[in-house]
Amino acid sequence: TDKTKGQNAIDSLSAISSKLLQAQQHSIDQLSTSLLKPCMRSILQHSYRDIKYVLSDEEFNDVQSDNLFQQRFNLRIRKLGHQLRPRLLPSTYTLVVDAMCACLVYDWERAIRQSKFNMLGGMMFEKDVRFVQLCLEQEAGGVLRAKFAKLVQMARVVAEPAEASVAGVDKDVRALLANRVDVQPN
């Protein structure tokens, strides 16, 4: 009957749609492994060249007025966006930016665990995290808060006064307090 033929056609289209979505995700995973991970690592390394988070008052003021990390990151991420965006559908580009975030956040968390901070440097790191999140949200055209949740927690821990409470913060994030040069271990 016509109703059965119509239902079979709908089922067939649903199966094709599912396979296409799987193929798209597989392609994004491949792109992430072959291009995005090395590219995001390079962007992070280039942006962090000569950047430190143990700052005097004067250095903090200088960085506030001329933040090299933010300038370098913005330049590189926009360049990458200009190369990728014209080649992808908008919905696919959003998925690619999401994959870029995953690559970046993973490497950034690892790098920060090896960095030293004082409170002023922690405040600058917090601003850098917010800036990067905003840049990537603008590229993706959406909110990426969940991707940055742990980095935001890390930034909060190193930016707050030493006596501030870190209740409700993951144990591994709390361990960053040991990287604060202006905090005495208990």
# chains A, B, ... in the order shown; residues from 1 in each chain; ligands from 1
>>> residues_around(residues="range 133-145 of chain A", least_positions_apart="3", cutoff="10 Å", atoms="only C-alpha atoms", output="list in words")
Gln70, Phe73, Asn74, Ile77, Arg78, Gly81, His82, Arg85, Pro90, Ser91, Thr92, Tyr93, Thr94, Leu95, Val96, Val97, Asp98, Met100, Cys101, Val105, Lys127, Asp128, Val129, Arg130, Phe148, Ala149, Lys150, Leu151 and Val152 of chain A
>>> closest_residue(among="A:Leu31, A:Val63, A:Ile112, A:Met119", to="Ala175 in chain A", atoms="only C-alpha atoms")
A:Ile112
>>> residues_around(residues="Leu44 in chain A", least_positions_apart="4", cutoff="9 Å", atoms="only C-alpha atoms", output="ChimeraX atom specification")
/A:39-40,48-49,69,73,104,107-108
>>> select_by_dssp(residues="range 30-142 of chain A", states="helix (DSSP H, G or I)", output="NGL selection string")
:A and (30-48 or 57-65 or 68-87 or 90-112 or 119-140)
>>> residues_around(residues="Ala155 in chain A", least_positions_apart="3", cutoff="7 Å", atoms="only C-alpha atoms", output="PyMOL selection string")
chain A and resi 122+125-126+151-152+158-159
>>> atom_distance(atom1="CA of Thr4 in chain A", atom2="CA of Gln22 in chain A")
27.0 Å
>>> atom_distance(atom1="CA of Ser115 in chain A", atom2="CA of Val54 in chain A")
9.2 Å
>>> residues_around(residues="Phe117 in chain A", least_positions_apart="3", cutoff="12 Å", atoms="only C-alpha atoms", output="number ranges by chain")
A: 51-56, 112-114, 120-126, 154-155, 157-162, 176-183
>>> closest_residue(among="A:Leu68, A:Lys116, A:Arg110, A:Leu88", to="Ile28 in chain A", atoms="only C-alpha atoms")
A:Leu88
>>> atom_distance(atom1="CA of Ser32 in chain A", atom2="CA of Val173 in chain A")
26.2 Å
>>> closest_residue(among="A:Ser42, A:Asn118, A:Ala111, A:Asn8", to="Asp57 in chain A", atoms="only C-alpha atoms")
A:Asn118
>>> closest_residue(among="A:Leu13, A:Thr1, A:Gly6, A:Glu109", to="Asp172 in chain A", atoms="only C-alpha atoms")
A:Glu109
>>> decode(residues="range 12-136 of chain A", atoms="C-alpha atoms", output="PDB file, in the first residue's frame")
ATOM      1  CA  SER A  12      15.273   4.580   4.538  1.00  0.00           C
ATOM      2  CA  LEU A  13      15.890   8.330   4.740  1.00  0.00           C
ATOM      3  CA  SER A  14      16.331   8.105   8.517  1.00  0.00           C
ATOM      4  CA  ALA A  15      18.940   5.370   8.075  1.00  0.00           C
ATOM      5  CA  ILE A  16      20.790   7.426   5.456  1.00  0.00           C
ATOM      6  CA  SER A  17      20.665  10.493   7.706  1.00  0.00           C
ATOM      7  CA  SER A  18      22.096   8.500  10.599  1.00  0.00           C
ATOM      8  CA  LYS A  19      24.920   7.163   8.424  1.00  0.00           C
ATOM      9  CA  LEU A  20      25.718  10.660   7.176  1.00  0.00           C
ATOM     10  CA  LEU A  21      25.913  11.986  10.744  1.00  0.00           C
ATOM     11  CA  GLN A  22      28.234   9.121  11.680  1.00  0.00           C
ATOM     12  CA  ALA A  23      30.412   9.857   8.649  1.00  0.00           C
ATOM     13  CA  GLN A  24      30.498  13.555   9.575  1.00  0.00           C
ATOM     14  CA  GLN A  25      31.565  12.776  13.151  1.00  0.00           C
ATOM     15  CA  HIS A  26      34.210  10.343  11.899  1.00  0.00           C
ATOM     16  CA  SER A  27      35.537  13.032   9.538  1.00  0.00           C
ATOM     17  CA  ILE A  28      35.675  15.603  12.340  1.00  0.00           C
ATOM     18  CA  ASP A  29      37.486  13.104  14.568  1.00  0.00           C
ATOM     19  CA  GLN A  30      40.021  12.495  11.778  1.00  0.00           C
ATOM     20  CA  LEU A  31      40.423  16.253  11.222  1.00  0.00           C
ATOM     21  CA  SER A  32      40.902  16.729  14.933  1.00  0.00           C
ATOM     22  CA  THR A  33      43.629  14.108  15.132  1.00  0.00           C
ATOM     23  CA  SER A  34      45.506  15.066  11.989  1.00  0.00           C
ATOM     24  CA  LEU A  35      45.122  18.856  11.912  1.00  0.00           C
ATOM     25  CA  LEU A  36      43.400  20.449  14.890  1.00  0.00           C
ATOM     26  CA  LYS A  37      45.448  18.952  17.736  1.00  0.00           C
ATOM     27  CA  PRO A  38      48.816  19.973  16.272  1.00  0.00           C
ATOM     28  CA  CYS A  39      47.441  23.308  15.113  1.00  0.00           C
ATOM     29  CA  MET A  40      45.875  24.220  18.458  1.00  0.00           C
ATOM     30  CA  ARG A  41      49.030  23.108  20.274  1.00  0.00           C
ATOM     31  CA  SER A  42      51.075  25.366  17.993  1.00  0.00           C
ATOM     32  CA  ILE A  43      48.697  28.300  18.563  1.00  0.00           C
ATOM     33  CA  LEU A  44      48.928  27.822  22.325  1.00  0.00           C
ATOM     34  CA  GLN A  45      52.719  27.517  22.291  1.00  0.00           C
ATOM     35  CA  HIS A  46      53.127  30.572  20.066  1.00  0.00           C
ATOM     36  CA  SER A  47      50.694  32.612  22.149  1.00  0.00           C
ATOM     37  CA  TYR A  48      52.500  31.707  25.383  1.00  0.00           C
ATOM     38  CA  ARG A  49      55.955  32.576  24.131  1.00  0.00           C
ATOM     39  CA  ASP A  50      57.573  34.822  26.782  1.00  0.00           C
ATOM     40  CA  ILE A  51      54.403  34.870  28.921  1.00  0.00           C
ATOM     41  CA  LYS A  52      54.594  34.433  32.671  1.00  0.00           C
ATOM     42  CA  TYR A  53      52.064  34.511  35.481  1.00  0.00           C
ATOM     43  CA  VAL A  54      54.266  35.653  38.331  1.00  0.00           C
ATOM     44  CA  LEU A  55      53.808  39.403  37.937  1.00  0.00           C
ATOM     45  CA  SER A  56      54.777  42.525  39.852  1.00  0.00           C
ATOM     46  CA  ASP A  57      52.281  45.397  40.057  1.00  0.00           C
ATOM     47  CA  GLU A  58      54.084  47.183  37.214  1.00  0.00           C
ATOM     48  CA  GLU A  59      54.184  44.067  35.013  1.00  0.00           C
ATOM     49  CA  PHE A  60      50.502  43.453  35.698  1.00  0.00           C
ATOM     50  CA  ASN A  61      49.649  46.989  34.568  1.00  0.00           C
ATOM     51  CA  ASP A  62      51.813  46.583  31.454  1.00  0.00           C
ATOM     52  CA  VAL A  63      50.120  43.298  30.537  1.00  0.00           C
ATOM     53  CA  GLN A  64      46.683  44.842  31.136  1.00  0.00           C
ATOM     54  CA  SER A  65      47.440  47.547  28.578  1.00  0.00           C
ATOM     55  CA  ASP A  66      49.260  45.315  26.064  1.00  0.00           C
ATOM     56  CA  ASN A  67      48.381  41.631  26.469  1.00  0.00           C
ATOM     57  CA  LEU A  68      50.628  39.762  24.054  1.00  0.00           C
ATOM     58  CA  PHE A  69      49.031  36.383  24.799  1.00  0.00           C
ATOM     59  CA  GLN A  70      45.585  37.651  23.816  1.00  0.00           C
ATOM     60  CA  GLN A  71      46.888  39.448  20.728  1.00  0.00           C
ATOM     61  CA  ARG A  72      48.797  36.414  19.499  1.00  0.00           C
ATOM     62  CA  PHE A  73      45.955  34.002  20.220  1.00  0.00           C
ATOM     63  CA  ASN A  74      43.385  36.211  18.521  1.00  0.00           C
ATOM     64  CA  LEU A  75      45.552  36.620  15.422  1.00  0.00           C
ATOM     65  CA  ARG A  76      46.229  32.897  15.060  1.00  0.00           C
ATOM     66  CA  ILE A  77      42.696  31.678  15.813  1.00  0.00           C
ATOM     67  CA  ARG A  78      41.154  34.174  13.389  1.00  0.00           C
ATOM     68  CA  LYS A  79      43.623  33.093  10.714  1.00  0.00           C
ATOM     69  CA  LEU A  80      42.678  29.444  11.244  1.00  0.00           C
ATOM     70  CA  GLY A  81      38.991  30.369  11.167  1.00  0.00           C
ATOM     71  CA  HIS A  82      39.432  32.227   7.864  1.00  0.00           C
ATOM     72  CA  GLN A  83      41.095  29.143   6.389  1.00  0.00           C
ATOM     73  CA  LEU A  84      38.462  26.652   7.582  1.00  0.00           C
ATOM     74  CA  ARG A  85      35.144  28.542   7.502  1.00  0.00           C
ATOM     75  CA  PRO A  86      34.812  28.913   3.701  1.00  0.00           C
ATOM     76  CA  ARG A  87      35.425  25.194   3.222  1.00  0.00           C
ATOM     77  CA  LEU A  88      32.742  23.978   5.631  1.00  0.00           C
ATOM     78  CA  LEU A  89      29.021  24.269   6.121  1.00  0.00           C
ATOM     79  CA  PRO A  90      28.160  26.500   9.103  1.00  0.00           C
ATOM     80  CA  SER A  91      26.898  23.567  11.185  1.00  0.00           C
ATOM     81  CA  THR A  92      30.046  21.564  10.419  1.00  0.00           C
ATOM     82  CA  TYR A  93      32.251  24.556  11.210  1.00  0.00           C
ATOM     83  CA  THR A  94      30.573  24.804  14.623  1.00  0.00           C
ATOM     84  CA  LEU A  95      31.403  21.142  15.266  1.00  0.00           C
ATOM     85  CA  VAL A  96      34.997  21.767  14.181  1.00  0.00           C
ATOM     86  CA  VAL A  97      35.327  24.739  16.565  1.00  0.00           C
ATOM     87  CA  ASP A  98      33.964  22.499  19.318  1.00  0.00           C
ATOM     88  CA  ALA A  99      36.706  19.968  18.492  1.00  0.00           C
ATOM     89  CA  MET A 100      39.275  22.802  18.474  1.00  0.00           C
ATOM     90  CA  CYS A 101      38.151  23.723  21.980  1.00  0.00           C
ATOM     91  CA  ALA A 102      38.565  20.169  23.220  1.00  0.00           C
ATOM     92  CA  CYS A 103      42.123  20.050  21.846  1.00  0.00           C
ATOM     93  CA  LEU A 104      43.037  23.459  23.232  1.00  0.00           C
ATOM     94  CA  VAL A 105      41.552  22.943  26.687  1.00  0.00           C
ATOM     95  CA  TYR A 106      43.294  19.597  27.147  1.00  0.00           C
ATOM     96  CA  ASP A 107      46.734  21.030  26.311  1.00  0.00           C
ATOM     97  CA  TRP A 108      46.126  24.248  28.243  1.00  0.00           C
ATOM     98  CA  GLU A 109      45.123  22.399  31.413  1.00  0.00           C
ATOM     99  CA  ARG A 110      48.312  20.325  31.187  1.00  0.00           C
ATOM    100  CA  ALA A 111      50.472  23.422  30.643  1.00  0.00           C
ATOM    101  CA  ILE A 112      48.891  25.355  33.504  1.00  0.00           C
ATOM    102  CA  ARG A 113      49.530  22.530  35.962  1.00  0.00           C
ATOM    103  CA  GLN A 114      53.246  23.103  35.303  1.00  0.00           C
ATOM    104  CA  SER A 115      53.126  26.913  35.611  1.00  0.00           C
ATOM    105  CA  LYS A 116      53.884  29.124  38.589  1.00  0.00           C
ATOM    106  CA  PHE A 117      51.558  31.939  39.646  1.00  0.00           C
ATOM    107  CA  ASN A 118      51.118  34.742  42.075  1.00  0.00           C
ATOM    108  CA  MET A 119      47.736  36.363  42.674  1.00  0.00           C
ATOM    109  CA  LEU A 120      48.258  39.032  39.987  1.00  0.00           C
ATOM    110  CA  GLY A 121      49.370  36.407  37.494  1.00  0.00           C
ATOM    111  CA  GLY A 122      46.344  34.320  38.434  1.00  0.00           C
ATOM    112  CA  MET A 123      44.107  37.292  37.729  1.00  0.00           C
ATOM    113  CA  MET A 124      45.747  37.682  34.323  1.00  0.00           C
ATOM    114  CA  PHE A 125      45.346  33.967  33.610  1.00  0.00           C
ATOM    115  CA  GLU A 126      41.656  34.284  34.497  1.00  0.00           C
ATOM    116  CA  LYS A 127      41.324  37.142  31.987  1.00  0.00           C
ATOM    117  CA  ASP A 128      43.154  35.094  29.362  1.00  0.00           C
ATOM    118  CA  VAL A 129      40.790  32.151  29.864  1.00  0.00           C
ATOM    119  CA  ARG A 130      37.746  34.397  29.521  1.00  0.00           C
ATOM    120  CA  PHE A 131      39.233  36.026  26.425  1.00  0.00           C
ATOM    121  CA  VAL A 132      39.961  32.688  24.723  1.00  0.00           C
ATOM    122  CA  GLN A 133      36.508  31.385  25.603  1.00  0.00           C
ATOM    123  CA  LEU A 134      34.930  34.500  24.109  1.00  0.00           C
ATOM    124  CA  CYS A 135      37.058  34.251  20.927  1.00  0.00           C
ATOM    125  CA  LEU A 136      36.075  30.648  20.367  1.00  0.00           C
TER     126      LEU A 136
END
